Every structure is written in C-alpha cells, then in structure tokens.
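Printed here is work-v4.pdb (PDB, C-alpha atoms and all ligand atoms):
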```pdb
ATOM      1  CA  MET A   1      18.392 -60.272  82.443
ATOM      2  CA  LEU A   2      21.968 -61.570  82.350
ATOM      3  CA  GLU A   3      21.461 -65.191  83.398
ATOM      4  CA  GLY A   4      24.204 -67.291  81.752
ATOM      5  CA  LYS A   5      26.271 -64.226  80.724
ATOM      6  CA  LEU A   6      29.983 -63.845  81.510
ATOM      7  CA  GLY A   7      31.470 -60.450  82.371
ATOM      8  CA  LEU A   8      34.866 -58.896  83.102
ATOM      9  CA  VAL A   9      34.946 -55.645  85.101
ATOM     10  CA  PHE A  10      37.961 -53.288  85.197
ATOM     11  CA  GLY A  11      38.055 -50.390  87.661
ATOM     12  CA  VAL A  12      36.890 -51.300  91.157
ATOM     13  CA  ALA A  13      39.089 -49.531  93.727
ATOM     14  CA  ASN A  14      36.610 -49.413  96.626
ATOM     15  CA  ARG A  15      32.891 -49.496  97.412
ATOM     16  CA  ARG A  16      32.389 -46.004  95.981
ATOM     17  CA  SER A  17      33.788 -46.955  92.555
ATOM     18  CA  ILE A  18      31.370 -46.689  89.646
ATOM     19  CA  ALA A  19      32.680 -50.095  88.518
ATOM     20  CA  TRP A  20      31.418 -51.506  91.823
ATOM     21  CA  GLY A  21      27.933 -50.081  91.180
ATOM     22  CA  ILE A  22      28.049 -51.686  87.733
ATOM     23  CA  GLY A  23      29.437 -54.995  89.020
ATOM     24  CA  GLN A  24      26.641 -55.256  91.582
ATOM     25  CA  ALA A  25      23.963 -54.537  88.967
ATOM     26  CA  LEU A  26      25.363 -57.129  86.539
ATOM     27  CA  ALA A  27      25.878 -59.790  89.227
ATOM     28  CA  ASN A  28      22.400 -59.279  90.688
ATOM     29  CA  ALA A  29      20.967 -59.711  87.186
ATOM     30  CA  GLY A  30      22.562 -63.159  86.996
ATOM     31  CA  ALA A  31      25.935 -62.583  85.299
ATOM     32  CA  ARG A  32      29.012 -64.518  86.352
ATOM     33  CA  LEU A  33      31.820 -61.986  86.781
ATOM     34  CA  ALA A  34      35.570 -61.546  87.051
ATOM     35  CA  PHE A  35      37.087 -58.335  88.426
ATOM     36  CA  THR A  36      40.533 -56.860  87.924
ATOM     37  CA  TYR A  37      42.264 -54.563  90.400
ATOM     38  CA  GLN A  38      45.430 -52.544  90.756
ATOM     39  CA  ASP A  39      47.807 -54.233  93.200
ATOM     40  CA  ARG A  40      47.455 -51.751  96.077
ATOM     41  CA  VAL A  41      43.659 -52.221  96.343
ATOM     42  CA  GLY A  42      43.625 -56.030  96.048
ATOM     43  CA  ASP A  43      42.417 -56.730  99.617
ATOM     44  CA  THR A  44      39.540 -54.239  99.395
ATOM     45  CA  VAL A  45      38.397 -55.592  96.042
ATOM     46  CA  ASN A  46      38.596 -59.217  97.201
ATOM     47  CA  ASP A  47      36.458 -58.385 100.271
ATOM     48  CA  LEU A  48      33.835 -56.605  98.147
ATOM     49  CA  VAL A  49      33.692 -59.265  95.468
ATOM     50  CA  ALA A  50      33.173 -61.986  98.087
ATOM     51  CA  THR A  51      29.736 -60.462  98.805
ATOM     52  CA  LEU A  52      28.482 -61.154  95.257
ATOM     53  CA  PRO A  53      26.689 -64.269  94.015
ATOM     54  CA  LYS A  54      28.229 -66.895  91.690
ATOM     55  CA  ASN A  55      31.769 -66.792  93.139
ATOM     56  CA  PRO A  56      33.359 -64.065  91.027
ATOM     57  CA  PHE A  57      37.146 -64.260  90.763
ATOM     58  CA  THR A  58      39.689 -61.440  90.830
ATOM     59  CA  LEU A  59      42.909 -60.739  88.948
ATOM     60  CA  ALA A  60      45.610 -58.088  89.398
ATOM     61  CA  CYS A  61      45.914 -56.062  86.192
ATOM     62  CA  ASP A  62      47.567 -52.739  85.464
ATOM     63  CA  VAL A  63      46.663 -51.655  81.925
ATOM     64  CA  LEU A  64      50.136 -50.134  81.462
ATOM     65  CA  ASP A  65      51.603 -53.642  81.666
ATOM     66  CA  ASP A  66      50.914 -55.600  78.458
ATOM     67  CA  ALA A  67      52.031 -58.892  80.020
ATOM     68  CA  GLN A  68      49.479 -58.483  82.857
ATOM     69  CA  VAL A  69      46.734 -57.676  80.358
ATOM     70  CA  ASP A  70      47.634 -60.756  78.278
ATOM     71  CA  ARG A  71      47.619 -62.946  81.402
ATOM     72  CA  THR A  72      44.248 -61.541  82.478
ATOM     73  CA  PHE A  73      42.541 -62.477  79.221
ATOM     74  CA  GLU A  74      44.242 -65.891  79.105
ATOM     75  CA  GLN A  75      42.917 -66.630  82.583
ATOM     76  CA  VAL A  76      39.418 -65.362  81.777
ATOM     77  CA  ASP A  77      39.409 -67.549  78.669
ATOM     78  CA  ARG A  78      40.508 -70.563  80.751
ATOM     79  CA  GLU A  79      37.856 -69.968  83.445
ATOM     80  CA  PHE A  80      34.956 -68.785  81.279
ATOM     81  CA  GLY A  81      35.767 -70.109  77.783
ATOM     82  CA  GLY A  82      34.478 -66.823  76.331
ATOM     83  CA  LEU A  83      33.163 -63.388  77.347
ATOM     84  CA  ASP A  84      29.865 -61.516  76.898
ATOM     85  CA  VAL A  85      30.465 -58.205  78.690
ATOM     86  CA  LEU A  86      33.517 -56.006  79.250
ATOM     87  CA  VAL A  87      33.287 -53.046  81.635
ATOM     88  CA  HIS A  88      36.073 -50.455  81.277
ATOM     89  CA  SER A  89      35.858 -48.014  84.191
ATOM     90  CA  ILE A  90      39.431 -46.753  84.349
ATOM     91  CA  ALA A  91      40.968 -43.292  84.243
ATOM     92  CA  PHE A  92      44.061 -41.538  85.538
ATOM     93  CA  ALA A  93      45.859 -38.223  85.108
ATOM     94  CA  PRO A  94      48.891 -37.013  87.080
ATOM     95  CA  ARG A  95      47.892 -34.704  89.916
ATOM     96  CA  GLU A  96      49.750 -31.637  88.610
ATOM     97  CA  ALA A  97      47.817 -31.841  85.326
ATOM     98  CA  LEU A  98      44.557 -31.452  87.291
ATOM     99  CA  GLU A  99      45.895 -28.563  89.372
ATOM    100  CA  ASN A 100      47.759 -26.297  86.942
ATOM    101  CA  PRO A 101      46.151 -24.446  84.021
ATOM    102  CA  PHE A 102      45.539 -26.805  81.066
ATOM    103  CA  VAL A 103      47.960 -24.835  78.904
ATOM    104  CA  GLU A 104      50.790 -26.039  81.163
ATOM    105  CA  THR A 105      50.081 -29.764  80.649
ATOM    106  CA  SER A 106      53.390 -31.606  80.155
ATOM    107  CA  ARG A 107      54.001 -34.110  77.358
ATOM    108  CA  GLU A 108      54.425 -36.828  79.990
ATOM    109  CA  ALA A 109      51.129 -36.017  81.775
ATOM    110  CA  PHE A 110      49.288 -35.834  78.450
ATOM    111  CA  ARG A 111      50.727 -39.189  77.366
ATOM    112  CA  THR A 112      49.914 -40.883  80.689
ATOM    113  CA  ALA A 113      46.317 -39.610  80.785
ATOM    114  CA  MET A 114      45.679 -40.702  77.192
ATOM    115  CA  ASP A 115      47.356 -44.078  77.665
ATOM    116  CA  ILE A 116      45.482 -45.111  80.818
ATOM    117  CA  SER A 117      42.162 -43.344  80.196
ATOM    118  CA  ALA A 118      41.662 -43.782  76.428
ATOM    119  CA  PHE A 119      44.113 -46.198  74.780
ATOM    120  CA  SER A 120      43.333 -48.859  77.379
ATOM    121  CA  LEU A 121      39.809 -49.176  75.947
ATOM    122  CA  VAL A 122      41.261 -50.022  72.526
ATOM    123  CA  GLN A 123      43.686 -52.477  74.130
ATOM    124  CA  LEU A 124      40.986 -54.230  76.200
ATOM    125  CA  ALA A 125      38.501 -54.281  73.294
ATOM    126  CA  ARG A 126      41.137 -55.968  71.083
ATOM    127  CA  LYS A 127      41.757 -58.623  73.730
ATOM    128  CA  SER A 128      38.026 -59.125  74.395
ATOM    129  CA  ALA A 129      36.979 -59.545  70.764
ATOM    130  CA  PRO A 130      38.193 -63.161  70.238
ATOM    131  CA  LEU A 131      36.539 -64.234  73.513
ATOM    132  CA  MET A 132      33.292 -62.489  72.571
ATOM    133  CA  GLU A 133      33.347 -64.050  69.101
ATOM    134  CA  LYS A 134      33.247 -67.461  70.780
ATOM    135  CA  ARG A 135      29.944 -66.395  72.344
ATOM    136  CA  GLY A 136      28.459 -64.991  69.139
ATOM    137  CA  GLY A 137      29.011 -61.352  70.148
ATOM    138  CA  GLY A 138      29.269 -59.126  73.196
ATOM    139  CA  SER A 139      28.900 -55.722  74.814
ATOM    140  CA  ILE A 140      31.740 -53.351  75.751
ATOM    141  CA  ILE A 141      30.903 -50.485  78.113
ATOM    142  CA  THR A 142      33.145 -47.580  79.104
ATOM    143  CA  MET A 143      32.731 -44.571  81.405
ATOM    144  CA  THR A 144      33.004 -40.977  80.246
ATOM    145  CA  TYR A 145      32.149 -37.423  81.345
ATOM    146  CA  LEU A 146      30.740 -34.254  79.720
ATOM    147  CA  GLY A 147      34.197 -32.686  80.185
ATOM    148  CA  SER A 148      34.996 -34.343  76.817
ATOM    149  CA  ASP A 149      32.889 -31.726  75.088
ATOM    150  CA  ARG A 150      32.657 -28.733  77.452
ATOM    151  CA  VAL A 151      35.202 -27.039  79.668
ATOM    152  CA  PHE A 152      34.967 -27.762  83.398
ATOM    153  CA  PRO A 153      37.438 -26.065  85.760
ATOM    154  CA  LYS A 154      40.435 -28.336  86.520
ATOM    155  CA  TYR A 155      39.136 -31.274  84.450
ATOM    156  CA  ASN A 156      41.875 -30.318  81.971
ATOM    157  CA  VAL A 157      43.724 -33.179  80.259
ATOM    158  CA  MET A 158      41.088 -35.638  81.481
ATOM    159  CA  GLY A 159      38.583 -33.843  79.208
ATOM    160  CA  VAL A 160      40.928 -34.341  76.253
ATOM    161  CA  ALA A 161      41.329 -38.020  77.168
ATOM    162  CA  LYS A 162      37.536 -38.443  77.416
ATOM    163  CA  ALA A 163      37.137 -36.887  73.929
ATOM    164  CA  ALA A 164      39.611 -39.502  72.619
ATOM    165  CA  LEU A 165      37.774 -42.214  74.540
ATOM    166  CA  GLU A 166      34.378 -41.269  73.061
ATOM    167  CA  SER A 167      35.825 -41.157  69.552
ATOM    168  CA  SER A 168      37.431 -44.564  70.187
ATOM    169  CA  VAL A 169      33.969 -45.889  71.114
ATOM    170  CA  ARG A 170      32.715 -44.945  67.640
ATOM    171  CA  TYR A 171      35.703 -46.420  65.770
ATOM    172  CA  LEU A 172      35.592 -49.614  67.838
ATOM    173  CA  ALA A 173      31.838 -49.924  67.290
ATOM    174  CA  SER A 174      32.464 -49.703  63.548
ATOM    175  CA  ASP A 175      35.324 -52.249  63.591
ATOM    176  CA  LEU A 176      33.650 -54.793  65.842
ATOM    177  CA  GLY A 177      30.000 -54.493  64.791
ATOM    178  CA  ALA A 178      30.312 -57.184  62.120
ATOM    179  CA  LYS A 179      31.210 -59.589  64.949
ATOM    180  CA  ASN A 180      28.052 -58.558  66.814
ATOM    181  CA  ILE A 181      30.191 -56.790  69.428
ATOM    182  CA  ARG A 182      28.651 -53.519  70.588
ATOM    183  CA  VAL A 183      30.670 -50.660  72.096
ATOM    184  CA  ASN A 184      29.030 -47.871  74.094
ATOM    185  CA  ALA A 185      29.900 -45.239  76.703
ATOM    186  CA  ILE A 186      27.949 -44.004  79.712
ATOM    187  CA  SER A 187      28.464 -40.331  80.545
ATOM    188  CA  ALA A 188      27.818 -40.005  84.285
ATOM    189  CA  GLY A 189      27.200 -36.898  86.336
ATOM    190  CA  PRO A 190      29.649 -36.158  89.178
ATOM    191  CA  ILE A 191      29.877 -38.983  91.753
ATOM    192  CA  ARG A 192      32.147 -38.691  94.800
ATOM    193  CA  THR A 193      34.705 -41.460  94.165
ATOM    194  CA  LEU A 194      38.458 -41.766  94.693
ATOM    195  CA  ALA A 195      39.172 -40.504  91.163
ATOM    196  CA  ALA A 196      36.686 -37.621  91.541
ATOM    197  CA  ARG A 197      38.422 -36.460  94.719
ATOM    198  CA  SER A 198      41.542 -35.659  92.686
ATOM    199  CA  ILE A 199      39.605 -32.953  90.823
ATOM    200  CA  GLN A 200      39.831 -29.681  92.727
ATOM    201  CA  GLY A 201      36.479 -28.039  93.358
ATOM    202  CA  PHE A 202      34.593 -31.319  92.893
ATOM    203  CA  PRO A 203      32.096 -30.571  95.729
ATOM    204  CA  LYS A 204      31.211 -27.359  93.888
ATOM    205  CA  MET A 205      30.437 -29.373  90.729
ATOM    206  CA  GLU A 206      28.133 -31.644  92.718
ATOM    207  CA  GLU A 207      26.381 -28.683  94.325
ATOM    208  CA  HIS A 208      25.901 -26.968  90.953
ATOM    209  CA  VAL A 209      24.309 -30.110  89.456
ATOM    210  CA  ARG A 210      21.955 -30.397  92.440
ATOM    211  CA  GLU A 211      20.860 -26.800  91.934
ATOM    212  CA  VAL A 212      20.380 -26.662  88.159
ATOM    213  CA  ALA A 213      20.115 -30.141  86.579
ATOM    214  CA  PRO A 214      16.613 -30.992  85.325
ATOM    215  CA  LEU A 215      16.232 -33.698  88.001
ATOM    216  CA  ARG A 216      17.762 -31.406  90.710
ATOM    217  CA  ARG A 217      19.949 -34.129  92.214
ATOM    218  CA  ASN A 218      23.262 -35.896  91.794
ATOM    219  CA  THR A 219      23.956 -39.247  90.154
ATOM    220  CA  GLU A 220      24.461 -42.438  92.169
ATOM    221  CA  ALA A 221      26.760 -45.292  91.137
ATOM    222  CA  GLY A 222      23.805 -47.693  91.359
ATOM    223  CA  GLU A 223      21.958 -45.644  88.733
ATOM    224  CA  VAL A 224      24.943 -45.929  86.409
ATOM    225  CA  GLY A 225      24.911 -49.669  87.188
ATOM    226  CA  ASP A 226      21.318 -49.913  85.962
ATOM    227  CA  VAL A 227      22.177 -48.117  82.699
ATOM    228  CA  ALA A 228      25.128 -50.496  82.278
ATOM    229  CA  LEU A 229      22.746 -53.411  82.831
ATOM    230  CA  PHE A 230      20.656 -52.179  79.891
ATOM    231  CA  LEU A 231      23.762 -51.824  77.686
ATOM    232  CA  ALA A 232      25.042 -55.261  78.750
ATOM    233  CA  SER A 233      21.716 -56.983  78.103
ATOM    234  CA  ASP A 234      19.914 -57.990  74.935
ATOM    235  CA  LEU A 235      17.486 -55.097  75.476
ATOM    236  CA  SER A 236      20.116 -52.890  73.798
ATOM    237  CA  ARG A 237      20.995 -55.394  71.057
ATOM    238  CA  ASN A 238      20.604 -52.777  68.305
ATOM    239  CA  VAL A 239      22.487 -50.001  70.149
ATOM    240  CA  THR A 240      26.180 -49.358  69.447
ATOM    241  CA  GLY A 241      28.637 -46.445  69.206
ATOM    242  CA  ILE A 242      26.677 -44.130  71.499
ATOM    243  CA  VAL A 243      27.315 -42.006  74.578
ATOM    244  CA  LEU A 244      24.364 -42.497  76.908
ATOM    245  CA  PHE A 245      23.959 -39.836  79.601
ATOM    246  CA  CYS A 246      23.166 -40.738  83.205
ATOM    247  CA  ASP A 247      23.547 -37.271  84.705
ATOM    248  CA  SER A 248      20.177 -36.002  85.996
ATOM    249  CA  GLY A 249      19.771 -34.389  82.567
ATOM    250  CA  TYR A 250      22.545 -31.835  83.167
ATOM    251  CA  HIS A 251      23.973 -32.161  79.630
ATOM    252  CA  VAL A 252      20.888 -30.574  77.989
ATOM    253  CA  LEU A 253      21.403 -27.215  79.694
ATOM    254  CA  GLY A 254      22.651 -24.111  77.910
ATOM    255  CA  MET A 255      22.778 -22.017  81.065
TER     256      MET A 255
HETATM  257  P1  LIG B   1      37.644 -44.849  90.974
HETATM  258  O1  LIG B   1      38.873 -44.170  91.509
HETATM  259  O2  LIG B   1      36.847 -45.631  91.918
HETATM  260  O3  LIG B   1      38.003 -45.753  89.717
HETATM  261  C1  LIG B   1      39.082 -45.480  88.859
HETATM  262  C2  LIG B   1      39.727 -46.833  88.593
HETATM  263  O4  LIG B   1      40.770 -46.707  87.618
HETATM  264  C3  LIG B   1      40.372 -47.421  89.858
HETATM  265  O5  LIG B   1      39.820 -48.682  90.130
HETATM  266  C4  LIG B   1      41.838 -47.556  89.482
HETATM  267  O6  LIG B   1      42.458 -48.694  90.064
HETATM  268  C5  LIG B   1      41.722 -47.689  87.966
HETATM  269  N1  LIG B   1      43.006 -47.431  87.293
HETATM  270  C6  LIG B   1      43.716 -46.273  87.240
HETATM  271  N2  LIG B   1      44.881 -46.481  86.587
HETATM  272  C7  LIG B   1      44.888 -47.801  86.212
HETATM  273  C8  LIG B   1      45.806 -48.631  85.549
HETATM  274  N3  LIG B   1      46.995 -48.148  85.119
HETATM  275  N4  LIG B   1      45.494 -49.927  85.337
HETATM  276  C9  LIG B   1      44.322 -50.440  85.791
HETATM  277  N5  LIG B   1      43.397 -49.708  86.450
HETATM  278  C10 LIG B   1      43.697 -48.402  86.660
HETATM  279  O7  LIG B   1      36.789 -43.651  90.329
HETATM  280  P2  LIG B   1      35.465 -43.683  89.415
HETATM  281  O8  LIG B   1      34.922 -42.323  89.536
HETATM  282  O9  LIG B   1      34.644 -44.856  89.731
HETATM  283  O10 LIG B   1      36.075 -43.799  87.943
HETATM  284  C11 LIG B   1      35.678 -44.806  87.020
HETATM  285  C12 LIG B   1      35.452 -44.195  85.651
HETATM  286  O11 LIG B   1      34.309 -43.362  85.675
HETATM  287  C13 LIG B   1      36.599 -43.332  85.140
HETATM  288  O12 LIG B   1      36.753 -43.546  83.754
HETATM  289  C14 LIG B   1      36.071 -41.937  85.403
HETATM  290  O13 LIG B   1      36.675 -40.971  84.568
HETATM  291  C15 LIG B   1      34.621 -42.153  85.046
HETATM  292  N6  LIG B   1      33.696 -41.105  85.506
HETATM  293  C16 LIG B   1      33.656 -40.731  86.801
HETATM  294  C17 LIG B   1      32.765 -39.744  87.208
HETATM  295  C18 LIG B   1      32.700 -39.295  88.646
HETATM  296  O14 LIG B   1      32.194 -38.221  88.908
HETATM  297  N7  LIG B   1      33.198 -40.072  89.595
HETATM  298  C19 LIG B   1      31.897 -39.164  86.271
HETATM  299  C20 LIG B   1      31.933 -39.586  84.949
HETATM  300  C21 LIG B   1      32.851 -40.551  84.562
END
```
Can you give me the file's structure in the form of structure tokens?
Amino acid sequence: MLEGKLGLVFGVANRRSIAWGIGQALANAGARLAFTYQDRVGDTVNDLVATLPKNPFTLACDVLDDAQVDRTFEQVDREFGGLDVLVHSIAFAPREALENPFVETSREAFRTAMDISAFSLVQLARKSAPLMEKRGGGSIITMTYLGSDRVFPKYNVMGVAKAALESSVRYLASDLGAKNIRVNAISAGPIRTLAARSIQGFPKMEEHVREVAPLRRNTEAGEVGDVALFLASDLSRNVTGIVLFCDSGYHVLGM
C-alpha cells in the first residue's frame, strides 16, 4: 500500500511506543522511513529500526530545539528529496502536573505540555509542507486521547494539550489542504507505554476499558499502526481534519 512512499516518524522511545507500532505497519507496507529520537533513547531506537526493511535512518531531534528540527528536515530532504508521510507521536507533561489536582497546574507545566504535545505538531507540519509539496501532497498523522474532551483522573494538563492538538489538526488541515496535504489524528484507547506509565491509576483505566468498551478489550499499538496505514495511504485520499478513534469503541459510551 505504501510502495515508493517516504515517511518520517517522531516518537519512538522503545518497542512499546505507539510510534513503533505505526513505523512497523508503514515499513511492512513498503514505505521507506526515517525515525527521530530523543538523545537518551538513541541506542534502543537504532536497534529497533535495524530490524525494518529498506534501511531506515535515524536522527536525534528534540522538538524544543529549533536548530535540531531544522537539521532534521534538511537531512530528510537531502536523503529523500521529499516526504509523503509525517507521524507525530510525541507528548510530555511535567510529573507534578499529572499528580496534583488540575487546578494547581503551574504556568511552566502548562507551557511545557502545550509546547511539546501540541505546538510541535504545528512546527513539524510547517517544516514538512515544502517537502510534501515536492511529492504532490502528503499525509500528517498525530496521536491523541479522549481526555481532550472528557475528564479522566490525573490526565489533567495533558487533556488540555490534546484539545489544542485536535483543534490544530483542523486548522492545519484547512491551511494545507490546497497543497493536497491531509492532517488527521488517531485517538487511541489506553496502551501501556512509557508515557502512559506516568499517569497515575493507568492500570485502572485499562481494566475499565476491558470491562465496558463495546469490544471488551484494550487497544494494541499494532492496531493503531493499521489505522495509521489507512491514513497514510491513498485509501484515505479524501479524508482530512478528523479524529479517528481506535479505542475498542469506548468513546461512544455515556455510562
Ligand atoms: P512513548 O513514551 O513511547 O512516546 C512518547 C514519545 O514522545 C517518546 O518517544 C519521547 O521521546 C517523545 N518526546 C517527548 N518529549 C519530546 C521532545 N521534547 N522532543 C521529541 N520527542 C519527545 O508513549 P506513547 O504512549 O507511545 O505516546 C505517543 C503518543 O500517543 C503521545 O502523543 C501520547 O499522548 C499518545 N497516546 C497515548 C496513549 C496511550 O495510552 N499510551 C493513548 C492515546 C494517545
């Protein structure tokens, strides 16, 4: 489905990362990929990426560092000469903001969560657009959670950041649509990753989904990867600006 396509994936930290599930799905469908990583997880990411076909390459990139982001896109342009797919699977909030009541969120924690978890999509979309234009268009995919819309215990400022992220998806879709660049989000059910472990009571969220979600089970990263494959491929060529749920149907419930 993605033979001949070029993709850039942000957000692999380890084998449990949703970005890894997505990267595997895209690579197995024929895409040639590049992956970015935060410095401290470089070795893990390099080992994982070496298992994929078509010799993907890796680049260190912290989205808080504009120079690193610029270098990343310059290098991708040099290697690929364009870009078809961008995967943004990045989020962060300071620990105390996920432990204390939301009302106590500090200005600094609020700013950090919004910067890394929401603004970075705008930043990466802006850098991707010229590379995607060279290819006649592209697909940008980000990861979100139902905490954008409903209150989940201890999700706190991350819920506010996800609301900003989902709104950014719509504004970006409107800005970039004329260039045939599509922008969509996948809203996943709880998956036990590094980031998820920082949310207190996460096992309880998983258990609750297993008990009540229409499909009576949790979400796997590979399932999110398959949804991303659809959004990356031409099968979704007329789909932009949406939040697509991959959550065992949990979001339809009232109680
Ligand atoms: P993860 O910890 O594996 O991935 C988070 C990634 O964000 C890591 O690779 C980390 O290096 C990266 N990151 C954080 N700060 C960064 C920075 N300054 N610069 C560059 N990268 C940075 O966890 P995950 O659960 O795979 O999270 C991926 C995305 O999926 C996040 O947006 C998360 O909110 C979203 N999500 C997760 C779940 C879940 O239950 N795990 C559910 C829905 C949505």
Counting only C-alpha atoms and all ligand atoms, which protein, DNA or RNA residues come within 8 Å of ligand LIG 1 (chain B), given as an mmCIF file with C-alpha atoms, in the coordinates of the input?
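File written: part.cif
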```cif
data_model
loop_
_atom_site.group_PDB
_atom_site.id
_atom_site.type_symbol
_atom_site.label_atom_id
_atom_site.label_comp_id
_atom_site.auth_asym_id
_atom_site.auth_seq_id
_atom_site.Cartn_x
_atom_site.Cartn_y
_atom_site.Cartn_z
ATOM 1 C CA PHE A 10 37.961 -53.288 85.197
ATOM 2 C CA GLY A 11 38.055 -50.390 87.661
ATOM 3 C CA VAL A 12 36.890 -51.300 91.157
ATOM 4 C CA ALA A 13 39.089 -49.531 93.727
ATOM 5 C CA ASN A 14 36.610 -49.413 96.626
ATOM 6 C CA ARG A 15 32.891 -49.496 97.412
ATOM 7 C CA ARG A 16 32.389 -46.004 95.981
ATOM 8 C CA SER A 17 33.788 -46.955 92.555
ATOM 9 C CA ILE A 18 31.370 -46.689 89.646
ATOM 10 C CA ALA A 19 32.680 -50.095 88.518
ATOM 11 C CA TRP A 20 31.418 -51.506 91.823
ATOM 12 C CA THR A 36 40.533 -56.860 87.924
ATOM 13 C CA TYR A 37 42.264 -54.563 90.400
ATOM 14 C CA GLN A 38 45.430 -52.544 90.756
ATOM 15 C CA VAL A 41 43.659 -52.221 96.343
ATOM 16 C CA CYS A 61 45.914 -56.062 86.192
ATOM 17 C CA ASP A 62 47.567 -52.739 85.464
ATOM 18 C CA VAL A 63 46.663 -51.655 81.925
ATOM 19 C CA LEU A 64 50.136 -50.134 81.462
ATOM 20 C CA ASP A 65 51.603 -53.642 81.666
ATOM 21 C CA HIS A 88 36.073 -50.455 81.277
ATOM 22 C CA SER A 89 35.858 -48.014 84.191
ATOM 23 C CA ILE A 90 39.431 -46.753 84.349
ATOM 24 C CA ALA A 91 40.968 -43.292 84.243
ATOM 25 C CA PHE A 92 44.061 -41.538 85.538
ATOM 26 C CA ILE A 116 45.482 -45.111 80.818
ATOM 27 C CA SER A 117 42.162 -43.344 80.196
ATOM 28 C CA THR A 142 33.145 -47.580 79.104
ATOM 29 C CA MET A 143 32.731 -44.571 81.405
ATOM 30 C CA THR A 144 33.004 -40.977 80.246
ATOM 31 C CA TYR A 145 32.149 -37.423 81.345
ATOM 32 C CA LEU A 146 30.740 -34.254 79.720
ATOM 33 C CA MET A 158 41.088 -35.638 81.481
ATOM 34 C CA LYS A 162 37.536 -38.443 77.416
ATOM 35 C CA ILE A 186 27.949 -44.004 79.712
ATOM 36 C CA SER A 187 28.464 -40.331 80.545
ATOM 37 C CA ALA A 188 27.818 -40.005 84.285
ATOM 38 C CA GLY A 189 27.200 -36.898 86.336
ATOM 39 C CA PRO A 190 29.649 -36.158 89.178
ATOM 40 C CA ILE A 191 29.877 -38.983 91.753
ATOM 41 C CA ARG A 192 32.147 -38.691 94.800
ATOM 42 C CA THR A 193 34.705 -41.460 94.165
ATOM 43 C CA LEU A 194 38.458 -41.766 94.693
ATOM 44 C CA ALA A 195 39.172 -40.504 91.163
ATOM 45 C CA ALA A 196 36.686 -37.621 91.541
#
```
Tell me which residues the PyMOL selection byres (((chain A and resi 27-29) around 12) and not hetatm) grabs here, as an MDAnalysis selection string.
chainID A and resid 1:9 19:26 30:35 49:56 85 222 225:226 228:230 232:233
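Run against this file, the PyMOL selection byres (((chain A and resi 251) around 12) and not hetatm) gives back Tyr145, Leu146, Gly147, Ser148, Asp149, Arg150, Ser187, Ala188, Gly189, Pro190, Val209, Val212, Ala213, Pro214, Leu215, Val243, Leu244, Phe245, Cys246, Asp247, Ser248, Gly249, Tyr250, Val252, Leu253, Gly254 and Met255 of chain A.
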Could you tell me how far CA of Thr112 (chain A) lies from CA of Leu165 (chain A), in Å and to one decimal?
13.7 Å
Select, counting only C-alpha atoms, all protein, DNA and RNA residues no farther than 12 Å from (50.3, -33.1, 89.1) in file coordinates, and express the selection as a short mmCIF file (atom, residue, chain, number, x, y, z; two decimals) with C-alpha atoms, in the frame of the given file.
```cif
data_model
loop_
_atom_site.label_atom_id
_atom_site.label_comp_id
_atom_site.auth_asym_id
_atom_site.auth_seq_id
_atom_site.Cartn_x
_atom_site.Cartn_y
_atom_site.Cartn_z
CA PHE A 92 44.06 -41.54 85.54
CA ALA A 93 45.86 -38.22 85.11
CA PRO A 94 48.89 -37.01 87.08
CA ARG A 95 47.89 -34.70 89.92
CA GLU A 96 49.75 -31.64 88.61
CA ALA A 97 47.82 -31.84 85.33
CA LEU A 98 44.56 -31.45 87.29
CA GLU A 99 45.90 -28.56 89.37
CA ASN A 100 47.76 -26.30 86.94
CA PRO A 101 46.15 -24.45 84.02
CA PHE A 102 45.54 -26.80 81.07
CA GLU A 104 50.79 -26.04 81.16
CA THR A 105 50.08 -29.76 80.65
CA SER A 106 53.39 -31.61 80.16
CA GLU A 108 54.42 -36.83 79.99
CA ALA A 109 51.13 -36.02 81.78
CA PHE A 110 49.29 -35.83 78.45
CA THR A 112 49.91 -40.88 80.69
CA ALA A 113 46.32 -39.61 80.78
CA LYS A 154 40.44 -28.34 86.52
CA ASN A 156 41.88 -30.32 81.97
CA VAL A 157 43.72 -33.18 80.26
CA SER A 198 41.54 -35.66 92.69
CA ILE A 199 39.60 -32.95 90.82
CA GLN A 200 39.83 -29.68 92.73
#
```
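For the choices A:Ser139, A:Ser168, A:Thr58, A:Asn218, the atom-to-atom distance to Asp234 (chain A) is smallest for A:Ser139 when using all atoms listed in the file.
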Please identify all polymer residues within 10 Å of Asn180 (chain A), counting all atoms listed in the file, omitting same-chain residues fewer than 4 positions from it, and present them as a PyMOL selection string.
chain A and resi 129+132-133+135-139+173+176+237-238+240
Emit as JSON the padded axis-aligned box for all listed atoms of region 82-91 of chain A, 6 Å per side, with centre and edge lengths in Å to one decimal.
```
{"center_x": 35.4, "center_y": -55.1, "center_z": 80.3, "size_x": 23.1, "size_y": 35.5, "size_z": 20.0}
```
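Going from CA of Arg217 (chain A) over to CA of Met205 (chain A), you cover 11.6 Å.
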